[in-house]
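What's in run04.cif: mmCIF, N, CA and C atoms and all ligand atoms
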data_query
#
loop_
_atom_site.label_atom_id
_atom_site.label_comp_id
_atom_site.auth_asym_id
_atom_site.auth_seq_id
_atom_site.Cartn_x
_atom_site.Cartn_y
_atom_site.Cartn_z
N MET A 24 128.97 136.45 66.42
CA MET A 24 129.59 135.93 67.64
C MET A 24 128.52 135.32 68.57
N ARG A 25 127.40 136.01 68.76
CA ARG A 25 126.34 135.49 69.63
C ARG A 25 125.76 134.18 69.08
N HIS A 26 125.63 134.14 67.75
CA HIS A 26 125.06 132.92 67.16
C HIS A 26 126.01 131.74 67.27
N ALA A 27 127.28 132.00 67.19
CA ALA A 27 128.26 130.92 67.27
C ALA A 27 128.33 130.36 68.70
N ALA A 28 128.12 131.23 69.67
CA ALA A 28 128.23 130.81 71.07
C ALA A 28 127.03 129.99 71.54
N LEU A 29 125.88 130.21 70.93
CA LEU A 29 124.65 129.57 71.39
C LEU A 29 124.70 128.03 71.38
N PRO A 30 125.11 127.38 70.27
CA PRO A 30 125.12 125.91 70.30
C PRO A 30 126.00 125.34 71.41
N LEU A 31 127.10 126.02 71.69
CA LEU A 31 127.99 125.54 72.75
C LEU A 31 127.28 125.61 74.11
N ALA A 32 126.58 126.70 74.34
CA ALA A 32 125.85 126.85 75.60
C ALA A 32 124.79 125.76 75.75
N LEU A 33 124.10 125.43 74.68
CA LEU A 33 123.08 124.38 74.72
C LEU A 33 123.72 123.02 75.00
N ALA A 34 124.86 122.77 74.37
CA ALA A 34 125.54 121.49 74.56
C ALA A 34 125.95 121.31 76.02
N VAL A 35 126.39 122.38 76.66
CA VAL A 35 126.79 122.31 78.07
C VAL A 35 125.57 122.01 78.94
N LEU A 36 124.44 122.66 78.63
CA LEU A 36 123.21 122.42 79.39
C LEU A 36 122.76 120.98 79.26
N CYS A 37 122.80 120.45 78.03
CA CYS A 37 122.34 119.08 77.79
C CYS A 37 123.23 118.07 78.49
N ALA A 38 124.52 118.31 78.51
CA ALA A 38 125.44 117.38 79.13
C ALA A 38 125.22 117.34 80.64
N ALA A 39 124.78 118.48 81.21
CA ALA A 39 124.59 118.55 82.65
C ALA A 39 123.25 117.93 83.07
N ALA A 40 122.32 117.80 82.14
CA ALA A 40 120.96 117.37 82.49
C ALA A 40 120.86 116.02 83.20
N PRO A 41 121.54 114.96 82.74
CA PRO A 41 121.34 113.66 83.40
C PRO A 41 121.72 113.67 84.88
N ALA A 42 122.73 114.43 85.26
CA ALA A 42 123.16 114.47 86.66
C ALA A 42 122.12 115.16 87.54
N LEU A 43 121.26 115.96 86.94
CA LEU A 43 120.26 116.70 87.71
C LEU A 43 118.90 116.01 87.70
N ALA A 44 118.84 114.80 87.14
CA ALA A 44 117.55 114.12 87.02
C ALA A 44 116.99 113.78 88.38
N GLN A 45 115.73 114.08 88.58
CA GLN A 45 115.06 113.74 89.82
C GLN A 45 114.53 112.32 89.72
N PRO A 46 114.48 111.59 90.84
CA PRO A 46 113.87 110.28 90.79
C PRO A 46 112.36 110.40 90.53
N ALA A 47 111.87 109.83 89.45
CA ALA A 47 110.44 109.87 89.16
C ALA A 47 109.85 108.48 89.39
N LEU A 48 108.66 108.45 89.95
CA LEU A 48 107.99 107.18 90.23
C LEU A 48 107.55 106.52 88.93
N THR A 49 107.96 105.27 88.71
CA THR A 49 107.58 104.56 87.48
C THR A 49 106.56 103.46 87.75
N ALA A 50 106.56 102.91 88.96
CA ALA A 50 105.62 101.84 89.29
C ALA A 50 105.44 101.77 90.79
N ALA A 51 104.26 101.35 91.21
CA ALA A 51 103.99 101.24 92.64
C ALA A 51 103.03 100.08 92.87
N SER A 52 103.21 99.41 94.01
CA SER A 52 102.30 98.35 94.40
C SER A 52 102.05 98.46 95.91
N PRO A 53 100.81 98.66 96.37
CA PRO A 53 99.62 98.91 95.55
C PRO A 53 99.79 100.23 94.78
N SER A 54 99.15 100.31 93.62
CA SER A 54 99.26 101.52 92.81
C SER A 54 98.18 102.53 93.24
N ALA A 55 98.27 103.73 92.68
CA ALA A 55 97.32 104.80 93.02
C ALA A 55 95.90 104.35 92.71
N ASP A 56 95.02 104.55 93.66
CA ASP A 56 93.59 104.25 93.54
C ASP A 56 93.27 102.77 93.39
N ALA A 57 94.24 101.91 93.65
CA ALA A 57 94.01 100.46 93.53
C ALA A 57 93.16 99.97 94.69
N VAL A 58 92.45 98.86 94.45
CA VAL A 58 91.72 98.15 95.51
C VAL A 58 92.37 96.78 95.62
N VAL A 59 93.00 96.52 96.76
CA VAL A 59 93.80 95.30 96.91
C VAL A 59 93.35 94.56 98.17
N SER A 60 93.79 93.32 98.31
CA SER A 60 93.49 92.60 99.55
C SER A 60 94.74 92.45 100.40
N ALA A 61 94.65 92.92 101.63
CA ALA A 61 95.63 92.77 102.71
C ALA A 61 97.10 92.72 102.30
N PRO A 62 97.64 93.82 101.76
CA PRO A 62 99.06 93.78 101.36
C PRO A 62 99.97 93.71 102.59
N THR A 63 101.10 93.02 102.44
CA THR A 63 102.11 92.97 103.51
C THR A 63 103.37 93.72 103.08
N VAL A 64 103.45 94.05 101.78
CA VAL A 64 104.62 94.74 101.23
C VAL A 64 104.14 95.85 100.31
N ILE A 65 104.83 96.98 100.35
CA ILE A 65 104.58 98.08 99.42
C ILE A 65 105.87 98.31 98.66
N THR A 66 105.80 98.41 97.35
CA THR A 66 107.00 98.72 96.57
C THR A 66 106.78 99.95 95.71
N LEU A 67 107.80 100.79 95.65
CA LEU A 67 107.79 101.99 94.81
C LEU A 67 109.05 101.95 93.95
N SER A 68 108.89 102.02 92.64
CA SER A 68 110.05 101.98 91.74
C SER A 68 110.26 103.32 91.08
N PHE A 69 111.54 103.69 90.93
CA PHE A 69 111.90 105.01 90.43
C PHE A 69 112.83 104.91 89.23
N THR A 70 112.94 106.02 88.51
CA THR A 70 113.82 106.09 87.34
C THR A 70 115.29 106.11 87.75
N GLU A 71 115.57 106.55 88.98
CA GLU A 71 116.94 106.68 89.46
C GLU A 71 117.11 105.83 90.71
N ALA A 72 118.33 105.48 91.01
CA ALA A 72 118.60 104.84 92.29
C ALA A 72 118.37 105.85 93.40
N VAL A 73 117.75 105.41 94.48
CA VAL A 73 117.50 106.28 95.63
C VAL A 73 118.26 105.74 96.83
N ALA A 74 118.28 106.49 97.91
CA ALA A 74 118.99 106.08 99.11
C ALA A 74 118.07 106.20 100.31
N VAL A 75 118.32 105.36 101.33
CA VAL A 75 117.56 105.41 102.59
C VAL A 75 118.52 105.59 103.76
N PRO A 76 118.49 106.68 104.55
CA PRO A 76 117.85 107.94 104.19
C PRO A 76 118.56 108.57 102.98
N PRO A 77 118.03 109.61 102.36
CA PRO A 77 116.92 110.47 102.79
C PRO A 77 115.54 109.97 102.37
N SER A 78 115.45 108.90 101.58
CA SER A 78 114.12 108.48 101.13
C SER A 78 113.31 107.96 102.30
N SER A 79 112.03 108.27 102.29
CA SER A 79 111.17 107.81 103.37
C SER A 79 109.73 107.75 102.89
N LEU A 80 108.92 107.18 103.74
CA LEU A 80 107.55 106.92 103.37
C LEU A 80 106.67 107.07 104.61
N ALA A 81 105.47 107.60 104.41
CA ALA A 81 104.51 107.67 105.52
C ALA A 81 103.20 107.07 105.04
N LEU A 82 102.61 106.28 105.91
CA LEU A 82 101.35 105.61 105.56
C LEU A 82 100.32 105.94 106.62
N VAL A 83 99.17 106.46 106.18
CA VAL A 83 98.12 106.87 107.11
C VAL A 83 96.81 106.23 106.69
N MET A 84 96.13 105.60 107.63
CA MET A 84 94.80 105.07 107.36
C MET A 84 93.82 106.22 107.50
N THR A 85 93.06 106.49 106.44
CA THR A 85 92.17 107.64 106.45
C THR A 85 90.71 107.26 106.63
N ALA A 86 90.36 106.00 106.37
CA ALA A 86 88.98 105.55 106.54
C ALA A 86 88.97 104.05 106.77
N MET A 87 87.93 103.61 107.45
CA MET A 87 87.79 102.21 107.81
C MET A 87 86.33 101.85 107.60
N PRO A 88 86.04 100.64 107.08
CA PRO A 88 84.64 100.28 106.87
C PRO A 88 83.87 100.32 108.19
N GLY A 89 82.68 100.90 108.16
CA GLY A 89 81.81 100.91 109.34
C GLY A 89 82.20 101.91 110.41
N MET A 90 83.18 102.77 110.12
CA MET A 90 83.60 103.74 111.12
C MET A 90 83.49 105.15 110.55
N ALA A 91 82.48 105.89 111.04
CA ALA A 91 82.31 107.28 110.62
C ALA A 91 83.33 108.13 111.37
N ASN A 92 83.69 109.26 110.83
CA ASN A 92 84.62 110.20 111.48
C ASN A 92 85.95 109.55 111.90
N HIS A 93 86.48 108.73 111.02
CA HIS A 93 87.76 108.08 111.30
C HIS A 93 88.87 109.13 111.28
N GLN A 94 89.61 109.23 112.35
CA GLN A 94 90.73 110.16 112.40
C GLN A 94 91.92 109.54 111.66
N PRO A 95 92.76 110.36 111.00
CA PRO A 95 93.95 109.80 110.34
C PRO A 95 94.78 109.01 111.35
N MET A 96 95.07 107.77 110.97
CA MET A 96 95.76 106.86 111.89
C MET A 96 97.06 106.40 111.22
N LYS A 97 98.18 106.77 111.82
CA LYS A 97 99.46 106.49 111.21
C LYS A 97 99.83 105.01 111.36
N VAL A 98 100.28 104.42 110.27
CA VAL A 98 100.78 103.04 110.32
C VAL A 98 102.28 103.13 110.58
N THR A 99 102.74 102.48 111.63
CA THR A 99 104.16 102.56 111.99
C THR A 99 104.76 101.16 112.05
N GLY A 100 106.04 101.09 112.29
CA GLY A 100 106.70 99.82 112.52
C GLY A 100 107.10 99.07 111.27
N PHE A 101 107.09 99.75 110.12
CA PHE A 101 107.50 99.05 108.89
C PHE A 101 108.99 99.24 108.63
N ALA A 102 109.54 98.32 107.86
CA ALA A 102 110.96 98.36 107.52
C ALA A 102 111.12 98.75 106.06
N THR A 103 112.02 99.68 105.78
CA THR A 103 112.25 100.14 104.41
C THR A 103 113.61 99.65 103.92
N ALA A 104 113.61 98.98 102.78
CA ALA A 104 114.85 98.46 102.21
C ALA A 104 114.90 98.82 100.73
N LEU A 105 116.08 98.66 100.15
CA LEU A 105 116.25 98.94 98.73
C LEU A 105 116.36 97.64 97.95
N ALA A 106 115.82 97.64 96.74
CA ALA A 106 115.93 96.49 95.85
C ALA A 106 116.20 97.03 94.44
N ASP A 107 116.44 96.14 93.50
CA ASP A 107 116.59 96.53 92.10
C ASP A 107 117.68 97.60 91.94
N GLN A 108 118.84 97.35 92.52
CA GLN A 108 119.99 98.26 92.45
C GLN A 108 119.65 99.68 92.92
N GLY A 109 118.81 99.74 93.95
CA GLY A 109 118.49 101.02 94.56
C GLY A 109 117.33 101.74 93.91
N LYS A 110 116.78 101.18 92.82
CA LYS A 110 115.69 101.88 92.13
C LYS A 110 114.32 101.56 92.72
N THR A 111 114.26 100.58 93.60
CA THR A 111 112.98 100.22 94.21
C THR A 111 113.07 100.31 95.73
N LEU A 112 112.10 101.01 96.29
CA LEU A 112 111.93 101.07 97.74
C LEU A 112 110.96 99.96 98.11
N LYS A 113 111.41 99.07 98.99
CA LYS A 113 110.55 97.96 99.39
C LYS A 113 110.23 98.12 100.87
N VAL A 114 108.96 98.25 101.16
CA VAL A 114 108.50 98.49 102.52
C VAL A 114 107.79 97.24 103.03
N THR A 115 108.34 96.64 104.07
CA THR A 115 107.72 95.45 104.66
C THR A 115 106.91 95.89 105.87
N LEU A 116 105.61 95.64 105.81
CA LEU A 116 104.69 96.07 106.87
C LEU A 116 104.74 95.09 108.03
N PRO A 117 104.48 95.57 109.25
CA PRO A 117 104.53 94.68 110.42
C PRO A 117 103.46 93.60 110.35
N ARG A 118 102.36 93.89 109.68
CA ARG A 118 101.28 92.89 109.51
C ARG A 118 100.47 93.32 108.28
N ALA A 119 99.70 92.38 107.75
CA ALA A 119 98.87 92.70 106.59
C ALA A 119 97.95 93.87 106.93
N LEU A 120 97.80 94.80 106.01
CA LEU A 120 96.97 95.98 106.28
C LEU A 120 95.50 95.58 106.37
N PRO A 121 94.81 96.04 107.43
CA PRO A 121 93.38 95.78 107.53
C PRO A 121 92.58 96.59 106.51
N ALA A 122 91.34 96.18 106.29
CA ALA A 122 90.46 96.84 105.33
C ALA A 122 90.32 98.32 105.67
N GLY A 123 90.41 99.15 104.66
CA GLY A 123 90.28 100.59 104.85
C GLY A 123 90.90 101.33 103.69
N THR A 124 90.94 102.64 103.81
CA THR A 124 91.54 103.49 102.79
C THR A 124 92.80 104.11 103.38
N TYR A 125 93.84 104.13 102.57
CA TYR A 125 95.15 104.59 103.04
C TYR A 125 95.68 105.69 102.14
N ARG A 126 96.46 106.57 102.74
CA ARG A 126 97.17 107.60 101.98
C ARG A 126 98.67 107.35 102.18
N LEU A 127 99.36 107.16 101.06
CA LEU A 127 100.78 106.91 101.08
C LEU A 127 101.51 108.17 100.61
N THR A 128 102.44 108.66 101.40
CA THR A 128 103.23 109.84 101.03
C THR A 128 104.68 109.41 100.97
N TRP A 129 105.33 109.69 99.85
CA TRP A 129 106.73 109.26 99.72
C TRP A 129 107.65 110.43 99.42
N HIS A 130 108.87 110.26 99.89
CA HIS A 130 109.95 111.19 99.58
C HIS A 130 111.10 110.34 99.06
N ALA A 131 111.53 110.62 97.85
CA ALA A 131 112.62 109.85 97.24
C ALA A 131 113.81 110.77 97.02
N GLY A 132 114.94 110.40 97.60
CA GLY A 132 116.14 111.20 97.44
C GLY A 132 117.27 110.32 96.94
N SER A 133 118.02 110.85 95.99
CA SER A 133 119.16 110.10 95.47
C SER A 133 120.41 110.49 96.23
N SER A 134 121.48 109.71 96.03
CA SER A 134 122.74 110.01 96.72
C SER A 134 123.36 111.29 96.17
N THR A 135 122.91 111.77 95.00
CA THR A 135 123.45 113.01 94.44
C THR A 135 122.66 114.23 94.90
N GLY A 136 121.69 114.03 95.78
CA GLY A 136 120.98 115.16 96.37
C GLY A 136 119.71 115.57 95.65
N GLU A 137 119.38 114.89 94.57
CA GLU A 137 118.13 115.21 93.87
C GLU A 137 116.99 114.51 94.59
N SER A 138 115.84 115.17 94.68
CA SER A 138 114.73 114.50 95.36
C SER A 138 113.40 114.83 94.73
N ALA A 139 112.41 114.02 95.05
CA ALA A 139 111.05 114.21 94.56
C ALA A 139 110.09 113.71 95.63
N ASP A 140 108.87 114.21 95.59
CA ASP A 140 107.85 113.82 96.55
C ASP A 140 106.56 113.49 95.84
N GLY A 141 105.74 112.69 96.49
CA GLY A 141 104.44 112.40 95.93
C GLY A 141 103.56 111.73 96.95
N SER A 142 102.29 111.64 96.65
CA SER A 142 101.39 110.89 97.52
C SER A 142 100.20 110.41 96.71
N TYR A 143 99.60 109.33 97.18
CA TYR A 143 98.41 108.80 96.53
C TYR A 143 97.66 107.93 97.52
N SER A 144 96.44 107.57 97.17
CA SER A 144 95.62 106.74 98.05
C SER A 144 95.37 105.38 97.41
N PHE A 145 95.11 104.40 98.24
CA PHE A 145 94.66 103.09 97.77
C PHE A 145 93.74 102.50 98.83
N THR A 146 93.01 101.47 98.45
CA THR A 146 92.02 100.87 99.35
C THR A 146 92.32 99.39 99.55
N VAL A 147 92.22 98.96 100.79
CA VAL A 147 92.32 97.53 101.10
C VAL A 147 90.90 97.03 101.33
N LYS A 148 90.49 96.00 100.58
CA LYS A 148 89.10 95.51 100.69
C LYS A 148 88.98 94.43 101.77
CU CU B 1 91.68 102.68 111.33
#

What would you get if you wrote out this structure as structure tokens?
Ligand SMILES: [Cu+2]
Amino acid sequence: MRHAALPLALAVLCAAAPALAQPALTAASPSADAVVSAPTVITLSFTEAVAVPPSSLALVMTAMPGMANHQPMKVTGFATALADQGKTLKVTLPRALPAGTYRLTWHAGSSTGESADGSYSFTVK
């Protein structure tokens, strides 16, 4: 009896899996550890469609050329929109990013309540 019941239990688990999928980051521009020149747009692409809100993004300048002891400086005033049928978060910056090192922190949430978080750094030359 226990052996007969097991395949059914597995089948139920497998059928439920796609609905519980978290949005995973598949591509980003600028990408992690990239060195780019003055980006005006940041894009993050996910395996699942996400929604805004709850998806959000924070961008902090952590270093600047020629400036020792740079305090984390938050970049504000950007607009977040969806593209690619909700699978891409497109962030339009108020102006091209000046030279420095940045830390990008993202939160991606789907309309079904699944979410994921991540962060990475990139450099503007
Ligand atoms: Cu700065």

Tell me which protein, DNA and RNA residues are within 8 Å of region 80-97 of chain A, counting only N, CA and C atoms, leaving out same-chain ones fewer than 5 positions away, and put them as a PyMOL selection string.
-> chain A and resi 103+121-131

Generate the output file for the selected residues, N, CA and C atoms, as a short mmCIF file (atom, residue, chain, number, x, y, z; two decimals), keeping the file's coordinate frame.
data_model
loop_
_atom_site.label_atom_id
_atom_site.label_comp_id
_atom_site.auth_asym_id
_atom_site.auth_seq_id
_atom_site.Cartn_x
_atom_site.Cartn_y
_atom_site.Cartn_z
N THR A 103 112.02 99.68 105.78
CA THR A 103 112.25 100.14 104.41
C THR A 103 113.61 99.65 103.92
N PRO A 121 94.81 96.04 107.43
CA PRO A 121 93.38 95.78 107.53
C PRO A 121 92.58 96.59 106.51
N ALA A 122 91.34 96.18 106.29
CA ALA A 122 90.46 96.84 105.33
C ALA A 122 90.32 98.32 105.67
N GLY A 123 90.41 99.15 104.66
CA GLY A 123 90.28 100.59 104.85
C GLY A 123 90.90 101.33 103.69
N THR A 124 90.94 102.64 103.81
CA THR A 124 91.54 103.49 102.79
C THR A 124 92.80 104.11 103.38
N TYR A 125 93.84 104.13 102.57
CA TYR A 125 95.15 104.59 103.04
C TYR A 125 95.68 105.69 102.14
N ARG A 126 96.46 106.57 102.74
CA ARG A 126 97.17 107.60 101.98
C ARG A 126 98.67 107.35 102.18
N LEU A 127 99.36 107.16 101.06
CA LEU A 127 100.78 106.91 101.08
C LEU A 127 101.51 108.17 100.61
N THR A 128 102.44 108.66 101.40
CA THR A 128 103.23 109.84 101.03
C THR A 128 104.68 109.41 100.97
N TRP A 129 105.33 109.69 99.85
CA TRP A 129 106.73 109.26 99.72
C TRP A 129 107.65 110.43 99.42
N HIS A 130 108.87 110.26 99.89
CA HIS A 130 109.95 111.19 99.58
C HIS A 130 111.10 110.34 99.06
N ALA A 131 111.53 110.62 97.85
CA ALA A 131 112.62 109.85 97.24
C ALA A 131 113.81 110.77 97.02
#

Gap from CA of Thr49 (chain A) to CA of Gly141 (chain A) - Å, one decimal = 11.9 Å

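In terms of minimum interatomic distance to ligand CU 1 (chain B), A:Val98 ranks closest within A:Val73, A:Ala119, A:Val98, A:Leu67, counting only C-alpha atoms and all ligand atoms.
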
Would you mind writing down, as a compact mmCIF listing (two decimals) with N, CA and C atoms, in the frame of the given file, each residue of region 46-107 of chain A that DSSP on the backbone assigns to strand (DSSP E)?
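For reference, selection-v2.txt as written:
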# COMPACT_ATOMS: atom_id res chain seq x y z
N LEU A 48 108.66 108.45 89.95
CA LEU A 48 107.99 107.18 90.23
C LEU A 48 107.55 106.52 88.93
N THR A 49 107.96 105.27 88.71
CA THR A 49 107.58 104.56 87.48
C THR A 49 106.56 103.46 87.75
N ALA A 50 106.56 102.91 88.96
CA ALA A 50 105.62 101.84 89.29
C ALA A 50 105.44 101.77 90.79
N ALA A 51 104.26 101.35 91.21
CA ALA A 51 103.99 101.24 92.64
C ALA A 51 103.03 100.08 92.87
N SER A 52 103.21 99.41 94.01
CA SER A 52 102.30 98.35 94.40
C SER A 52 102.05 98.46 95.91
N VAL A 58 92.45 98.86 94.45
CA VAL A 58 91.72 98.15 95.51
C VAL A 58 92.37 96.78 95.62
N VAL A 59 93.00 96.52 96.76
CA VAL A 59 93.80 95.30 96.91
C VAL A 59 93.35 94.56 98.17
N VAL A 64 103.45 94.05 101.78
CA VAL A 64 104.62 94.74 101.23
C VAL A 64 104.14 95.85 100.31
N ILE A 65 104.83 96.98 100.35
CA ILE A 65 104.58 98.08 99.42
C ILE A 65 105.87 98.31 98.66
N THR A 66 105.80 98.41 97.35
CA THR A 66 107.00 98.72 96.57
C THR A 66 106.78 99.95 95.71
N LEU A 67 107.80 100.79 95.65
CA LEU A 67 107.79 101.99 94.81
C LEU A 67 109.05 101.95 93.95
N SER A 68 108.89 102.02 92.64
CA SER A 68 110.05 101.98 91.74
C SER A 68 110.26 103.32 91.08
N PHE A 69 111.54 103.69 90.93
CA PHE A 69 111.90 105.01 90.43
C PHE A 69 112.83 104.91 89.23
N SER A 79 112.03 108.27 102.29
CA SER A 79 111.17 107.81 103.37
C SER A 79 109.73 107.75 102.89
N LEU A 80 108.92 107.18 103.74
CA LEU A 80 107.55 106.92 103.37
C LEU A 80 106.67 107.07 104.61
N ALA A 81 105.47 107.60 104.41
CA ALA A 81 104.51 107.67 105.52
C ALA A 81 103.20 107.07 105.04
N LEU A 82 102.61 106.28 105.91
CA LEU A 82 101.35 105.61 105.56
C LEU A 82 100.32 105.94 106.62
N VAL A 83 99.17 106.46 106.18
CA VAL A 83 98.12 106.87 107.11
C VAL A 83 96.81 106.23 106.69
N MET A 84 96.13 105.60 107.63
CA MET A 84 94.80 105.07 107.36
C MET A 84 93.82 106.22 107.50
N THR A 85 93.06 106.49 106.44
CA THR A 85 92.17 107.64 106.45
C THR A 85 90.71 107.26 106.63
N ALA A 86 90.36 106.00 106.37
CA ALA A 86 88.98 105.55 106.54
C ALA A 86 88.97 104.05 106.77
N MET A 96 95.07 107.77 110.97
CA MET A 96 95.76 106.86 111.89
C MET A 96 97.06 106.40 111.22
N LYS A 97 98.18 106.77 111.82
CA LYS A 97 99.46 106.49 111.21
C LYS A 97 99.83 105.01 111.36
N VAL A 98 100.28 104.42 110.27
CA VAL A 98 100.78 103.04 110.32
C VAL A 98 102.28 103.13 110.58
N ALA A 102 109.54 98.32 107.86
CA ALA A 102 110.96 98.36 107.52
C ALA A 102 111.12 98.75 106.06
N THR A 103 112.02 99.68 105.78
CA THR A 103 112.25 100.14 104.41
C THR A 103 113.61 99.65 103.92
N ALA A 104 113.61 98.98 102.78
CA ALA A 104 114.85 98.46 102.21
C ALA A 104 114.90 98.82 100.73
N LEU A 105 116.08 98.66 100.15
CA LEU A 105 116.25 98.94 98.73
C LEU A 105 116.36 97.64 97.95
N ALA A 106 115.82 97.64 96.74
CA ALA A 106 115.93 96.49 95.85
C ALA A 106 116.20 97.03 94.44

Got a sec to check which residues sit within 6.5 Å of (99.2, 96.8, 106.1), counting only N, CA and C atoms, and write them as a PyMOL selection string?
-> chain A and resi 61-63+116-121

Rank A:Ala47, A:Ile65, A:Ala74, A:Lys110 by their smallest atom-to-atom distance to Asp140 (chain A), using only N, CA and C atoms, and report the top residue only.
-> A:Ala47

Just the residues within 6 Å of Ala50 (chain A), please, counting only N, CA and C atoms, with nothing from its chain fewer than 4 positions along; format it as a PDB file with N, CA and C atoms, keeping the file's coordinate frame.
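Written file, out_24.pdb:
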ATOM      1  N   THR A  66     105.800  98.410  97.350  1.00  0.00           N
ATOM      2  CA  THR A  66     107.000  98.720  96.570  1.00  0.00           C
ATOM      3  C   THR A  66     106.780  99.950  95.710  1.00  0.00           C
ATOM      4  N   LEU A  67     107.800 100.790  95.650  1.00  0.00           N
ATOM      5  CA  LEU A  67     107.790 101.990  94.810  1.00  0.00           C
ATOM      6  C   LEU A  67     109.050 101.950  93.950  1.00  0.00           C
ATOM      7  N   SER A  68     108.890 102.020  92.640  1.00  0.00           N
ATOM      8  CA  SER A  68     110.050 101.980  91.740  1.00  0.00           C
ATOM      9  C   SER A  68     110.260 103.320  91.080  1.00  0.00           C
ATOM     10  N   PHE A  69     111.540 103.690  90.930  1.00  0.00           N
ATOM     11  CA  PHE A  69     111.900 105.010  90.430  1.00  0.00           C
ATOM     12  C   PHE A  69     112.830 104.910  89.230  1.00  0.00           C
TER      13      PHE A  69
END

Between atom C of Ala72 (chain A) and CA of Gly109 (chain A), distance in Å (one decimal) |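 Value for the atom C of Ala72 (chain A)-CA of Gly109 (chain A) distance: 5.0 Å.
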
So, counting all atoms listed in the file, which residue among A:Gln108, A:Thr70, A:Ser79, A:Ser60 is closest to Leu48 (chain A)?
->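 Result for the nearest residue to Leu48 (chain A): A:Thr70.
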
DSSP-assigned alpha helix (DSSP H) members of chain A, reported as a ChimeraX atom specification = /A:25-39

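Coordinates place atom C of Val114 (chain A) at a distance of 16.0 Å from atom C of Thr146 (chain A).
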
Point out the residue among A:Pro46, A:Leu112, A:Val58, A:Ser78 with the least atom-to-atom distance to Phe145 (chain A), counting only C-alpha atoms.
->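 Residue with the minimum atom-to-atom distance to Phe145 (chain A): A:Val58.
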
So, counting only N, CA and C atoms, which residue among A:Lys113, A:Val59, A:Gly132, A:Val75 is closest to Val147 (chain A)?
->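 The closest residue to Val147 (chain A) is A:Val59.
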